[in-house]
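> Just passing along the structure, written as structure tokens.
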Amino acid sequence: MKSIFVSLFVLLFVQQAFAEKYFICYDADKNPKLHLSVCFENNKAVYVKYQGQDESIPLTFVKTNIQKGVAAYSDVYSEKYRGKVTGTYVMTHSGNYDYVKYTRKKDGKVFNFTINHTETISEEGNYRTTPCY
């Protein structure tokens, strides 16, 4: 039993040591000109960048929601821009699809995004390792 725990620990340590940064490109559901790039490290989002912006916006992980009855989960993040919380991102992974729901704090406006598979997935079937924009 002890060797199983040691093996699992070693596997998790190796996995963490070699965890790569990856990016997912998203398109806005209702605005074809609005595109979002999200950087992930260790399977958690660390920043977002909208196409055409010069700077990235850091994210702070809040919690994970597991959806019962379906193979999906959502991670919730706070967006901090220049020291102030300006919105909330809910990033959902379900099967081959990834979604983002952004709620802007100042007016409650909601923006929905869906993964752009063409821009995100490599020929090998992996997420891209370079920024989308």
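We label chains A, B, ... in the order they appear in the structure tokens, count residues from 1 in each chain, and number ligands from 1 in the order shown.
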Taking a cut-off of 12 Å and counting only C-alpha atoms, can you build a table that, for each residue of region 58-123 of chain A near region 130-133 of chain A, reports the nearest atom pair and how far apart they are in Å (one decimal), sorted by chain then residue number, as JSON lines?


{"residue": "A:Ile115", "atom": "CA", "partner": "A:Cys132", "partner_atom": "CA", "distance": 11.6}
{"residue": "A:Asn116", "atom": "CA", "partner": "A:Cys132", "partner_atom": "CA", "distance": 10.3}
{"residue": "A:His117", "atom": "CA", "partner": "A:Cys132", "partner_atom": "CA", "distance": 11.8}
{"residue": "A:Thr118", "atom": "CA", "partner": "A:Cys132", "partner_atom": "CA", "distance": 11.2}
{"residue": "A:Glu119", "atom": "CA", "partner": "A:Cys132", "partner_atom": "CA", "distance": 7.4}
{"residue": "A:Thr120", "atom": "CA", "partner": "A:Cys132", "partner_atom": "CA", "distance": 7.8}
{"residue": "A:Ile121", "atom": "CA", "partner": "A:Cys132", "partner_atom": "CA", "distance": 11.2}
{"residue": "A:Ser122", "atom": "CA", "partner": "A:Thr130", "partner_atom": "CA", "distance": 10.9}

> Do a neighbour search on region 66-83 of chain A at 12 Å with only C-alpha atoms, toss out local chain neighbours closer than 6 positions, and write the hits as JSON, numbers by chain.

{"A": [38, 40, 43, 44, 45, 46, 47, 48, 49, 55, 56, 57, 58, 59, 60, 89, 90, 91, 92, 93, 94, 95, 96, 97, 98, 99, 100, 101, 102, 103, 104, 105]}

> Among chain A, which ones does DSSP place in strand (DSSP E or B), written as a PyMOL selection string?

chain A and resi 22-28+35-41+44-50+57-67+72-81+84-94+97-104+110-115+121+127-128

> Could you check which of A:Tyr22, A:Tyr127, A:Tyr50, A:Phe111 is closest to Gly87 (chain A), using only C-alpha atoms?

A:Phe111

> Between A:Thr88, A:Thr129, A:Phe23, A:Glu123, which one has atoms that come closest to Phe61 (chain A), using only C-alpha atoms?

A:Thr88

> List every residue of chain A that DSSP, applied to the backbone of this structure, places in alpha helix (DSSP H), and write the result as a compact mmCIF listing (two decimals) with N, CA, C and O atoms, in the first residue's frame.


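See selection.txt below for the written result:
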# COMPACT_ATOMS: atom_id res chain seq x y z
N LYS A 2 1.95 1.22 0.80
CA LYS A 2 2.85 2.37 0.88
C LYS A 2 3.48 2.65 -0.48
O LYS A 2 3.61 3.81 -0.88
N SER A 3 3.83 1.59 -1.22
CA SER A 3 4.46 1.80 -2.53
C SER A 3 3.48 2.44 -3.53
O SER A 3 3.90 3.20 -4.40
N ILE A 4 2.20 2.18 -3.38
CA ILE A 4 1.20 2.81 -4.26
C ILE A 4 1.17 4.31 -4.01
O ILE A 4 1.17 5.10 -4.95
N PHE A 5 1.18 4.70 -2.72
CA PHE A 5 1.17 6.12 -2.39
C PHE A 5 2.45 6.81 -2.87
O PHE A 5 2.41 7.92 -3.38
N VAL A 6 3.57 6.15 -2.71
CA VAL A 6 4.84 6.71 -3.17
C VAL A 6 4.81 6.87 -4.69
O VAL A 6 5.19 7.90 -5.23
N SER A 7 4.29 5.87 -5.40
CA SER A 7 4.20 5.94 -6.85
C SER A 7 3.30 7.09 -7.29
O SER A 7 3.62 7.82 -8.23
N LEU A 8 2.16 7.25 -6.62
CA LEU A 8 1.25 8.34 -6.96
C LEU A 8 1.89 9.69 -6.70
O LEU A 8 1.75 10.63 -7.49
N PHE A 9 2.61 9.81 -5.57
CA PHE A 9 3.29 11.06 -5.26
C PHE A 9 4.33 11.39 -6.32
O PHE A 9 4.41 12.53 -6.79
N VAL A 10 5.13 10.42 -6.70
CA VAL A 10 6.16 10.63 -7.72
C VAL A 10 5.51 11.03 -9.05
O VAL A 10 5.94 11.96 -9.72
N LEU A 11 4.42 10.36 -9.42
CA LEU A 11 3.71 10.68 -10.67
C LEU A 11 3.20 12.11 -10.64
O LEU A 11 3.37 12.86 -11.60
N LEU A 12 2.59 12.53 -9.54
CA LEU A 12 2.09 13.89 -9.42
C LEU A 12 3.22 14.91 -9.44
O LEU A 12 3.11 15.95 -10.07
N PHE A 13 4.33 14.59 -8.78
CA PHE A 13 5.48 15.49 -8.77
C PHE A 13 6.04 15.66 -10.18
O PHE A 13 6.30 16.78 -10.61
N VAL A 14 6.21 14.57 -10.89
CA VAL A 14 6.74 14.62 -12.26
C VAL A 14 5.78 15.39 -13.16
O VAL A 14 6.19 16.23 -13.97
N GLN A 15 4.49 15.14 -13.00
CA GLN A 15 3.49 15.83 -13.80
C GLN A 15 3.56 17.34 -13.55
O GLN A 15 3.50 18.12 -14.49
N GLN A 16 3.69 17.76 -12.30
CA GLN A 16 3.78 19.17 -11.97
C GLN A 16 5.08 19.77 -12.51
O GLN A 16 5.09 20.89 -12.99
N ALA A 17 6.16 19.02 -12.42
CA ALA A 17 7.45 19.53 -12.87
C ALA A 17 7.47 19.79 -14.36
O ALA A 17 8.16 20.69 -14.84
N HIS A 117 -11.62 25.91 -32.18
CA HIS A 117 -10.78 24.71 -32.33
C HIS A 117 -9.69 24.88 -33.37
O HIS A 117 -8.57 24.41 -33.19
N THR A 118 -9.99 25.57 -34.47
CA THR A 118 -9.01 25.74 -35.54
C THR A 118 -7.78 26.50 -35.05
O THR A 118 -6.65 26.14 -35.37
N GLU A 119 -8.00 27.54 -34.25
CA GLU A 119 -6.89 28.35 -33.74
C GLU A 119 -6.20 27.71 -32.53
O GLU A 119 -5.04 28.01 -32.26
N THR A 120 -6.89 26.83 -31.82
CA THR A 120 -6.39 26.33 -30.54
C THR A 120 -5.71 24.98 -30.61
O THR A 120 -4.68 24.76 -29.98

> Looking at A:Phe113, A:Thr86, A:Lys106, A:Asp54, which one is nearest to Lys33 (chain A), with distances taken over only C-alpha atoms?

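For Lys33 (chain A), the nearest of the given residues is A:Phe113.
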
> Rounded to one decimal, what separation in Å do you get between CA of Asn42 (chain A) and CA of Asp27 (chain A)?

23.1 Å

> What's the separation between CA of Asp29 (chain A) and CA of Thr114 (chain A), in Å to one decimal place?

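That distance, rounded to one decimal, is 6.5 Å.
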
> Expressed in Å to a single decimal, how great is the separation between CA of Asn31 (chain A) and CA of Gln51 (chain A)?

12.7 Å
